[in-house]
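Participant: The structure file input_12.txt (compact mmCIF, C-alpha atoms) is provided below.
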# COMPACT_ATOMS: atom_id res chain seq x y z
CA MET G 545 0.00 0.00 0.00
CA LEU G 546 1.35 3.42 -0.91
CA GLN G 547 2.23 5.73 1.95
CA PRO G 548 0.39 9.04 1.43
CA VAL G 549 2.30 12.33 1.67
CA SER G 550 1.02 15.81 2.35
CA VAL G 551 0.63 18.41 -0.34
CA SER G 552 3.53 20.36 1.17
CA GLU G 553 5.76 17.29 1.14
CA LEU G 554 4.92 16.58 -2.49
CA THR G 555 5.56 20.22 -3.40
CA GLN G 556 8.94 20.05 -1.67
CA GLN G 557 9.86 16.92 -3.63
CA ILE G 558 8.95 18.65 -6.89
CA LYS G 559 10.96 21.72 -5.82
CA THR G 560 13.99 19.53 -5.10
CA ALA G 561 13.68 17.87 -8.52
CA LEU G 562 13.50 21.24 -10.26
CA ALA G 563 16.66 22.38 -8.42
CA GLY G 564 18.76 20.11 -10.64
CA PRO G 565 21.34 21.70 -12.97
CA GLU G 566 19.30 20.94 -16.08
CA PHE G 567 16.65 23.43 -14.90
CA GLN G 568 18.97 26.15 -13.52
CA SER G 569 20.22 27.69 -16.78
CA VAL G 570 17.66 27.44 -19.56
CA ALA G 571 16.75 29.69 -22.49
CA VAL G 572 13.07 29.71 -23.48
CA GLN G 573 11.58 31.40 -26.54
CA GLY G 574 7.92 32.32 -26.62
CA GLU G 575 5.26 34.97 -27.07
CA VAL G 576 4.51 37.30 -24.16
CA SER G 577 0.99 37.30 -22.75
CA ASN G 578 -0.72 38.52 -19.55
CA PHE G 579 2.13 40.98 -18.99
CA LEU G 580 1.96 42.91 -15.70
CA HIS G 581 4.54 45.43 -14.53
CA HIS G 582 3.74 45.49 -10.81
CA ARG G 583 4.15 48.67 -8.77
CA SER G 584 6.82 46.80 -6.78
CA GLY G 585 8.92 46.84 -9.96
CA HIS G 586 8.61 43.10 -10.61
CA MET G 587 7.38 41.86 -14.01
CA TYR G 588 4.86 39.01 -14.23
CA PHE G 589 3.94 37.43 -17.58
CA SER G 590 3.55 34.18 -19.49
CA LEU G 591 5.48 32.75 -22.40
CA LYS G 592 3.48 30.66 -24.84
CA ASP G 593 3.69 28.91 -28.15
CA SER G 594 1.02 27.10 -30.16
CA ASN G 595 0.84 24.21 -27.70
CA SER G 596 1.98 25.27 -24.22
CA ARG G 597 2.29 28.11 -21.76
CA ILE G 598 4.59 28.77 -18.79
CA LYS G 599 4.35 31.49 -16.17
CA ALA G 600 7.38 33.72 -15.68
CA VAL G 601 8.57 36.39 -13.28
CA MET G 602 11.44 38.86 -13.63
CA PHE G 603 12.21 40.62 -10.37
CA ARG G 604 13.08 44.30 -10.20
CA SER G 605 16.76 43.67 -9.45
CA ARG G 606 16.99 41.89 -12.82
CA ASN G 607 14.71 43.94 -15.06
CA GLN G 608 16.34 47.27 -14.15
CA ARG G 609 19.01 46.49 -16.74
CA LEU G 610 16.52 45.97 -19.58
CA GLN G 611 16.80 48.39 -22.50
CA PHE G 612 13.11 47.88 -23.41
CA VAL G 613 9.76 47.16 -21.76
CA PRO G 614 8.10 43.92 -22.94
CA LYS G 615 4.49 43.98 -24.09
CA ASN G 616 1.89 41.40 -24.97
CA GLY G 617 2.51 39.81 -28.35
CA ASP G 618 6.33 40.26 -28.28
CA THR G 619 8.37 37.17 -29.10
CA LEU G 620 11.25 37.07 -26.61
CA ILE G 621 14.05 34.81 -25.41
CA ALA G 622 14.11 34.44 -21.62
CA VAL G 623 17.13 33.07 -19.79
CA GLY G 624 16.71 31.86 -16.22
CA SER G 625 15.86 28.90 -13.99
CA VAL G 626 12.73 26.82 -13.42
CA GLY G 627 11.30 26.71 -9.91
CA ILE G 628 8.03 26.22 -8.08
CA TYR G 629 5.86 28.79 -6.34
CA GLU G 630 4.85 26.76 -3.30
CA PRO G 631 1.64 28.57 -2.17
CA ASN G 632 -0.05 27.80 -5.52
CA GLY G 633 1.89 24.67 -6.38
CA GLU G 634 2.77 26.15 -9.79
CA TYR G 635 6.07 25.84 -11.58
CA GLN G 636 7.34 28.99 -13.28
CA LEU G 637 10.37 30.52 -14.98
CA TYR G 638 12.50 32.89 -12.88
CA VAL G 639 13.97 35.17 -15.56
CA ASP G 640 17.48 36.67 -15.30
CA LEU G 641 17.90 37.95 -18.88
CA LEU G 642 15.39 38.91 -21.56
CA PHE G 643 16.17 39.48 -25.25
CA PRO G 644 14.04 40.41 -28.24
CA GLN G 645 13.79 37.76 -30.93
CA GLY G 646 16.44 38.16 -33.63
CA ILE G 647 19.22 39.72 -31.59
CA GLY G 648 18.38 37.47 -28.67
CA GLU G 649 20.60 34.69 -29.97
CA LEU G 650 23.62 37.02 -30.15
CA HIS G 651 23.05 38.36 -26.65
CA LEU G 652 22.54 34.86 -25.31
CA ALA G 653 25.80 33.67 -26.87
CA PHE G 654 27.52 36.79 -25.49
CA GLU G 655 26.35 36.11 -21.92
CA GLN G 656 27.18 32.40 -22.07
CA LEU G 657 30.70 33.02 -23.40
CA LYS G 658 31.25 35.80 -20.88
CA GLU G 659 30.27 33.49 -18.02
CA LYS G 660 32.55 30.74 -19.35
CA LEU G 661 35.62 32.97 -19.72
CA GLU G 662 34.97 34.61 -16.37
CA ARG G 663 34.99 31.23 -14.67
CA GLU G 664 38.36 30.53 -16.30
CA GLY G 665 39.76 33.73 -14.76
CA LEU G 666 40.45 35.60 -18.01
CA PHE G 667 38.79 38.73 -16.66
CA ALA G 668 40.33 38.62 -13.16
CA ALA G 669 41.61 41.95 -11.85
CA GLU G 670 44.89 40.44 -10.62
CA ARG G 671 45.81 39.61 -14.24
CA LYS G 672 45.70 43.24 -15.30
CA ARG G 673 49.07 44.89 -15.90
CA PRO G 674 49.90 48.59 -15.54
CA LEU G 675 50.60 50.58 -18.68
CA PRO G 676 54.13 51.93 -19.27
CA VAL G 677 54.54 55.48 -17.98
CA LEU G 678 56.41 56.80 -21.03
CA PRO G 679 55.86 54.50 -24.01
CA GLY G 680 58.24 55.12 -26.89
CA ARG G 681 56.33 53.09 -29.46
CA ILE G 682 52.60 52.36 -29.61
CA GLY G 683 50.93 49.65 -31.67
CA VAL G 684 47.40 50.17 -32.98
CA VAL G 685 45.28 47.24 -34.20
CA THR G 686 42.32 48.61 -36.16
CA SER G 687 41.06 49.40 -39.63
CA PRO G 688 43.49 51.70 -41.46
CA SER G 689 40.61 53.51 -43.15
CA GLY G 690 38.31 54.05 -40.19
CA ALA G 691 37.76 57.16 -38.10
CA ALA G 692 39.27 55.42 -35.06
CA ILE G 693 42.83 55.44 -36.40
CA ARG G 694 42.61 59.12 -37.31
CA ASP G 695 41.34 59.99 -33.83
CA ILE G 696 44.06 57.94 -32.16
CA ILE G 697 46.92 59.41 -34.20
CA HIS G 698 45.59 62.94 -33.74
CA VAL G 699 45.39 62.61 -29.95
CA LEU G 700 48.77 60.86 -29.65
CA THR G 701 50.67 63.46 -31.68
CA ARG G 702 48.89 66.33 -29.93
CA ARG G 703 49.55 65.07 -26.43
CA TYR G 704 53.02 63.60 -26.94
CA PRO G 705 54.74 64.78 -30.17
CA GLY G 706 57.46 62.47 -31.37
CA VAL G 707 55.84 59.24 -30.17
CA GLN G 708 56.10 56.45 -32.74
CA VAL G 709 52.88 54.77 -33.89
CA LEU G 710 52.94 51.38 -35.61
CA ILE G 711 49.66 50.42 -37.30
CA PHE G 712 48.63 46.78 -37.69
CA PRO G 713 45.79 46.82 -40.23
CA ALA G 714 42.80 44.56 -39.57
CA LEU G 715 39.16 44.14 -40.48
CA VAL G 716 36.90 45.29 -37.64
CA GLN G 717 33.56 44.12 -39.00
CA GLY G 718 32.26 41.14 -40.94
CA ALA G 719 32.86 37.39 -41.03
CA GLY G 720 36.62 37.68 -41.47
CA ALA G 721 37.14 40.32 -38.77
CA PRO G 722 37.89 38.00 -35.78
CA ALA G 723 40.68 36.15 -37.66
CA SER G 724 42.03 39.42 -39.06
CA LEU G 725 42.15 41.08 -35.62
CA THR G 726 43.73 38.00 -34.03
CA GLY G 727 46.40 37.86 -36.75
CA ALA G 728 47.23 41.55 -36.41
CA LEU G 729 47.51 41.19 -32.64
CA ALA G 730 49.85 38.21 -33.09
CA MET G 731 51.98 40.27 -35.50
CA ALA G 732 52.28 43.03 -32.88
CA GLN G 733 53.71 40.53 -30.38
CA ASN G 734 56.85 40.23 -32.53
CA THR G 735 57.65 43.96 -32.44
CA ASP G 736 59.13 46.31 -29.85
CA VAL G 737 55.93 48.26 -29.15
CA ASP G 738 55.39 49.13 -25.49
CA VAL G 739 51.59 49.05 -25.51
CA ILE G 740 48.84 48.02 -27.94
CA ILE G 741 45.53 49.76 -28.62
CA ILE G 742 42.91 47.52 -30.23
CA GLY G 743 39.48 48.77 -31.22
CA ARG G 744 37.18 50.59 -33.59
CA GLY G 745 34.56 53.29 -33.64
CA GLY G 746 31.04 52.81 -32.34
CA GLY G 747 28.43 50.54 -33.83
CA SER G 748 25.51 48.28 -33.09
CA PHE G 749 25.81 45.13 -31.03
CA GLU G 750 26.04 43.06 -34.21
CA GLU G 751 28.71 45.34 -35.70
CA LEU G 752 30.86 44.96 -32.58
CA SER G 753 30.47 41.16 -32.55
CA ALA G 754 34.03 40.60 -33.85
CA PHE G 755 35.33 41.85 -30.50
CA ASN G 756 33.24 39.19 -28.75
CA ASP G 757 35.01 36.36 -30.61
CA GLU G 758 36.40 33.77 -28.18
CA GLY G 759 39.69 33.37 -30.08
CA LEU G 760 40.35 37.11 -30.09
CA VAL G 761 39.46 37.45 -26.41
CA ARG G 762 41.88 34.65 -25.48
CA ALA G 763 44.60 36.24 -27.62
CA ILE G 764 44.16 39.56 -25.82
CA ALA G 765 44.35 37.84 -22.44
CA ALA G 766 47.53 35.98 -23.49
CA SER G 767 49.28 39.05 -24.95
CA ALA G 768 52.81 39.62 -23.66
CA ILE G 769 52.34 43.36 -24.23
CA PRO G 770 49.78 45.43 -22.27
CA VAL G 771 46.58 45.88 -24.27
CA VAL G 772 44.09 48.75 -24.16
CA SER G 773 40.66 47.95 -25.59
CA ALA G 774 38.71 50.77 -27.23
CA CYS G 775 35.66 49.27 -28.91
CA GLY G 776 32.69 51.53 -29.61
CA HIS G 777 31.28 54.35 -27.55
CA GLU G 778 31.14 54.85 -23.80
CA THR G 779 28.01 52.69 -23.38
CA ASP G 780 29.31 49.82 -25.54
CA PHE G 781 30.97 46.84 -23.83
CA THR G 782 32.57 43.83 -25.53
CA LEU G 783 34.35 40.76 -24.19
CA ALA G 784 37.60 42.28 -25.46
CA ASP G 785 37.07 45.10 -22.93
CA PHE G 786 36.94 42.59 -20.07
CA ALA G 787 40.06 40.70 -21.21
CA ALA G 788 42.23 43.76 -21.90
CA ASP G 789 44.52 45.27 -19.27
CA LEU G 790 42.56 48.52 -19.53
CA ARG G 791 39.26 49.46 -21.12
CA ALA G 792 38.88 52.88 -22.76
CA PRO G 793 35.40 54.19 -23.55
CA THR G 794 36.47 55.47 -26.99
CA PRO G 795 39.55 55.27 -29.26
CA SER G 796 40.38 58.90 -28.46
CA ALA G 797 40.20 58.15 -24.74
CA ALA G 798 42.55 55.17 -25.29
CA ALA G 799 45.14 57.49 -26.83
CA GLU G 800 44.81 59.84 -23.86
CA LEU G 801 45.35 56.96 -21.44
CA VAL G 802 48.53 55.56 -23.01
CA VAL G 803 50.56 58.79 -23.27
CA PRO G 804 50.89 61.73 -20.89
CA LEU G 805 50.24 65.32 -21.92
CA GLN G 806 53.67 66.68 -22.78
CA GLU G 807 53.01 70.09 -21.21
CA GLU G 808 51.95 68.46 -17.95
CA LEU G 809 54.99 66.20 -18.09
CA PHE G 810 57.33 69.17 -18.53
CA GLU G 811 55.59 70.99 -15.69
CA HIS G 812 55.98 67.95 -13.46
CA ILE G 813 59.67 67.60 -14.33
CA SER G 814 60.19 71.32 -13.69
CA SER G 815 58.46 71.00 -10.35
CA LEU G 816 60.64 68.03 -9.38
CA GLN G 817 63.75 69.93 -10.47
CA LYS G 818 62.79 72.92 -8.34
CA ARG G 819 62.10 70.70 -5.34
CA MET G 820 65.46 68.98 -5.79
CA VAL G 821 67.36 72.30 -6.03
CA ASP G 822 65.53 73.69 -2.98
CA SER G 823 66.28 70.52 -1.06
CA LEU G 824 69.99 70.70 -1.94
CA ARG G 825 70.15 74.37 -0.93
CA ARG G 826 68.56 73.63 2.42
CA ARG G 827 70.97 70.75 2.96
CA ILE G 828 74.01 72.89 2.08
CA GLN G 829 72.83 75.68 4.38
CA ALA G 830 72.29 73.21 7.22
CA GLU G 831 75.77 71.71 6.72
CA ARG G 832 77.33 75.18 6.69
CA ARG G 833 75.63 76.06 9.96
CA TYR G 834 76.88 72.79 11.44
CA LEU G 835 80.41 73.53 10.22
CA VAL G 836 80.34 76.98 11.83
CA GLN G 837 79.06 75.42 15.03
CA LEU G 838 81.89 72.88 15.02
CA SER G 839 84.53 75.51 14.25
CA GLN G 840 83.36 77.53 17.26
CA SER G 841 83.36 74.52 19.56
CA PRO G 842 85.74 74.82 22.58
CA ILE G 843 87.04 71.35 21.83
CA LEU G 844 88.38 72.39 18.46
CA GLN G 845 89.56 75.82 19.66
CA ARG G 846 91.34 74.50 22.82
CA PRO G 847 91.83 70.75 22.39
CA GLU G 848 94.53 70.60 25.16
CA SER G 849 91.96 71.79 27.69
CA TYR G 850 89.65 68.93 26.75
CA LEU G 851 92.55 66.46 26.96
CA ASN G 852 93.48 67.74 30.42
CA GLN G 853 89.94 67.16 31.62
CA LEU G 854 90.08 63.63 30.27
CA ARG G 855 93.41 63.02 31.98
CA GLN G 856 92.01 64.26 35.30
CA ARG G 857 88.92 62.14 34.86
CA LEU G 858 91.13 59.11 34.15
CA ASP G 859 93.09 59.69 37.38
CA GLU G 860 89.85 59.93 39.35
CA LEU G 861 88.59 56.70 37.84
CA TRP G 862 91.91 54.94 38.55
CA THR G 863 91.86 56.10 42.18
CA GLY G 864 88.25 55.04 42.56
CA LEU G 865 89.05 51.67 41.04
CA GLY G 866 91.86 51.04 43.57
CA ARG G 867 89.62 52.10 46.44
CA THR G 868 86.87 49.81 45.24
CA GLN G 869 89.28 46.88 44.88
CA ARG G 870 90.61 47.34 48.43
CA HIS G 871 87.11 47.57 49.82
CA ASN G 872 86.10 44.41 48.01
CA LEU G 873 89.24 42.64 49.27
CA VAL G 874 88.42 43.52 52.89
CA LEU G 875 84.85 42.26 52.45
CA ARG G 876 86.00 38.99 50.90
CA ARG G 877 88.63 38.44 53.63
CA GLY G 878 86.00 38.95 56.29
CA LYS G 879 83.68 36.44 54.60
CA LEU G 880 86.56 33.96 54.35
CA GLU G 881 87.43 34.26 58.04
CA SER G 882 83.80 33.79 58.97
CA ALA G 883 83.59 30.64 56.85
CA VAL G 884 86.83 29.30 58.42
CA GLY G 885 85.43 29.87 61.90
CA LYS G 886 82.24 27.99 61.04
CA LEU G 887 84.27 25.19 59.51
CA GLU G 888 86.46 24.85 62.60
CA THR G 889 83.37 24.79 64.82
CA LEU G 890 81.91 21.93 62.82
CA SER G 891 85.23 20.06 62.42
CA PRO G 892 85.38 16.51 63.99
CA LEU G 893 88.91 17.33 65.24
CA LYS G 894 87.47 20.20 67.28
CA THR G 895 85.01 17.75 68.83
CA LEU G 896 87.79 15.28 69.64
CA GLY G 897 89.71 18.11 71.31
CA ARG G 898 86.90 18.44 73.83
CA GLY G 899 87.52 14.84 75.06
CA TYR G 900 85.35 12.87 72.68
CA ALA G 901 86.58 9.84 70.69
CA ILE G 902 85.49 7.91 67.60
CA CYS G 903 85.10 4.13 67.90
CA GLN G 904 85.16 1.84 64.87
CA ASN G 905 85.00 -1.92 64.48
CA GLU G 906 87.45 -3.89 62.41
CA ARG G 907 85.35 -3.27 59.29
CA GLY G 908 85.69 0.49 59.76
CA GLU G 909 82.05 1.01 60.78
CA ILE G 910 81.48 3.74 63.36
CA LEU G 911 80.10 2.39 66.68
CA ARG G 912 77.33 4.46 68.27
CA GLN G 913 75.83 1.87 70.70
CA ALA G 914 77.37 -0.80 72.95
CA ASP G 915 75.23 -3.58 71.47
CA GLN G 916 77.03 -3.08 68.17
CA THR G 917 80.00 -5.00 69.72
CA ARG G 918 80.55 -8.35 71.38
CA GLU G 919 83.00 -9.44 74.07
CA GLY G 920 86.47 -10.19 72.81
CA GLU G 921 86.02 -8.03 69.69
CA VAL G 922 88.79 -5.60 68.84
CA VAL G 923 87.72 -1.94 68.36
CA HIS G 924 89.76 1.06 67.25
CA VAL G 925 89.44 4.32 69.18
CA THR G 926 90.49 7.60 67.50
CA LEU G 927 91.52 10.44 69.84
CA GLN G 928 92.52 14.05 69.14
CA LYS G 929 96.08 12.85 68.98
CA GLY G 930 96.67 9.18 68.09
CA SER G 931 94.44 6.09 68.25
CA LEU G 932 94.00 2.95 70.37
CA SER G 933 93.23 -0.71 69.59
CA CYS G 934 91.13 -2.13 72.42
CA THR G 935 89.54 -5.49 73.25
CA VAL G 936 86.00 -5.48 74.56
CA GLU G 937 85.91 -7.22 77.95
CA GLY G 938 82.39 -6.26 78.90
CA ARG G 939 79.35 -4.22 77.82
CA ARG G 940 76.85 -2.06 79.67
CA ILE G 941 73.73 -1.62 77.63
Give the structure from the file, written as structure tokens.
Facilitator:
Amino acid sequence: MLQPVSVSELTQQIKTALAGPEFQSVAVQGEVSNFLHHRSGHMYFSLKDSNSRIKAVMFRSRNQRLQFVPKNGDTLIAVGSVGIYEPNGEYQLYVDLLFPQGIGELHLAFEQLKEKLEREGLFAAERKRPLPVLPGRIGVVTSPSGAAIRDIIHVLTRRYPGVQVLIFPALVQGAGAPASLTGALAMAQNTDVDVIIIGRGGGSFEELSAFNDEGLVRAIAASAIPVVSACGHETDFTLADFAADLRAPTPSAAAELVVPLQEELFEHISSLQKRMVDSLRRRIQAERRYLVQLSQSPILQRPESYLNQLRQRLDELWTGLGRTQRHNLVLRRGKLESAVGKLETLSPLKTLGRGYAICQNERGEILRQADQTREGEVVHVTLQKGSLSCTVEGRRI
């Protein structure tokens, strides 16, 4: 017989089943219906096709990044996880990303590749390298006929005249652009450029797709030379931006980031020079004052007087040392005499001098009681002067 479970228990079992990985990252395409933008900011709607329907919710924290507001009848691609709303026992889609049909596939691929490369650590902050302070030669990977290269060269020569610019021509749009950009970046690795700018002018998401190519992104991350990414306008982001050592909002901004403004550099050098000269002057003045102070010192003006004081001090110390030694000698002699007196008081010879004797049997054992002997036994008696050998004729115990 089956053991019945409660509705809550069954709901929990379903919730646990839906928590599996196959339901935690899914992309669903469907037509929007019953759309409600709640005053809380959350979006509630359904996705349907000709045969089925699924409820969906996109919370405010997620939908704030949307560039559009869905409406009934739109065909969208929703990316999220499947879960269950326990009070009603209904399964629904918890949406993280929402894309219009058509460009949805590109955005979905972008997000999936970004998540993959991020897990591998290609975008980690600790991998980023600082740019050289004064680059002598700058490599630029971009289209030789685009506006980006003109902007970059104009800013570089205006800010830092004399800097060398080496251009590595590449396609920045179209099917062959990823391979062209990757090849140009590889060519730059074999030169003596100090920093590389890679990018293009602004464009739509599709037009910037070459800079989302996985091979190009990995090549940027593996570059032995620091790379500055400058793809699009300030609001445009590509995967190349995340992999580069520094992201510039525009090609012109990239040029401003890689070289200092020459006037500011000269001003800074002039300021450092002035500080150094001032510091040296202060040091020389301080040393001169110290030299004057030393030259006026009584020690240098009358050195014999100082030596006489030292001689007198030495005599005082020598006299004090002798006095201390004699005092210590008297103290030690007194301690020695006291120890000798105590030793004499405790000496066995002193005891024998008062009329006592030491008796020992033939084995050398000291006799303290009469019952330690027997009649006829020979005992040895030690006196203060000399000793006796006696025979025991009787005992009184």
Participant: Would you pick out the contacts of segment 550-553 of chain G at 12 Å or less, using only C-alpha atoms, so that residues sharing its chain but fewer than 4 positions from it are not included, and give the list as a PyMOL selection string?
Facilitator: chain G and resi 557-560+628-633
Participant: Could you give me, as a ChimeraX atom specification, the residues within 9 Å of Ser724 of chain G, counting all atoms listed in the file and dropping anything in the same chain fewer than 6 positions from it?
Facilitator: /G:713-716
Participant: What does the distance from atom CA of Val737 of chain G to atom CA of Glu811 of chain G come to in Å, to one decimal?
Facilitator: 26.4 Å
Participant: Skipping near chain neighbours, those fewer than 6 positions away, what residues fall within 12 Å of Glu659 of chain G using only C-alpha atoms, listed as a PyMOL selection string?
Facilitator: chain G and resi 569+652-653+665-667+758+783+786
Participant: Choose the residue, out of G:Asn756, G:Thr619, G:Ser767, G:Ser933, that has the smallest atom-to-atom separation from Phe781 of chain G; count all atoms listed in the file.
Facilitator: G:Asn756
Participant: Report, in Å with one decimal, the straight-line distance from atom CA of Asn595 of chain G to atom CA of Gly574 of chain G.
Facilitator: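 Distance between the two atoms: 10.8 Å.
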Participant: Would you pick out the contacts of Leu790 of chain G at 10 Å or less, using all atoms listed in the file, so that residues sharing its chain but fewer than 3 positions from it are not included, and give the list as a PyMOL selection string?
Facilitator: chain G and resi 672-675+741+770-774+784-787+793+798+801-802
Participant: Could you please determine the separation between atom CA of Phe643 of chain G and atom CA of Asn607 of chain G in Å, to one decimal place?
Facilitator: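 Distance reported for this atom pair: 11.2 Å.
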Participant: Pick from G:Val923, G:Ala763, G:Ile910, G:Ile621: nearest to Pro644 of chain G, with all atoms listed in the file counted?
Facilitator: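 The closest residue to Pro644 of chain G is G:Ile621.
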Participant: Using all atoms listed in the file for the distances, tell me which of G:Val576, G:Leu729, G:Val684, G:Cys775 is nearest to Gln645 of chain G.
Facilitator: G:Val576
Participant: Nearest to Ile711 of chain G: which of G:Phe612, G:Glu750, G:Glu906, G:Ser689 is it, counting all atoms listed in the file?
Facilitator: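 When distances to Ile711 of chain G are compared using all atoms listed in the file, the smallest one comes from G:Ser689.
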Participant: Tell me which of G:Gly720, G:Ile769, G:Gln928, G:Gly706 sits closest to Gln733 of chain G, counting all atoms listed in the file.
Facilitator: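 Using all atoms listed in the file, Gln733 of chain G sits closest to G:Ile769.
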Participant: Using only C-alpha atoms, find the one residue out of G:Arg663, G:Ala901, G:Ala788, G:Ser753 that sits nearest to Ala766 of chain G.
Facilitator: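 Smallest separation from Ala766 of chain G among the options: G:Ala788.
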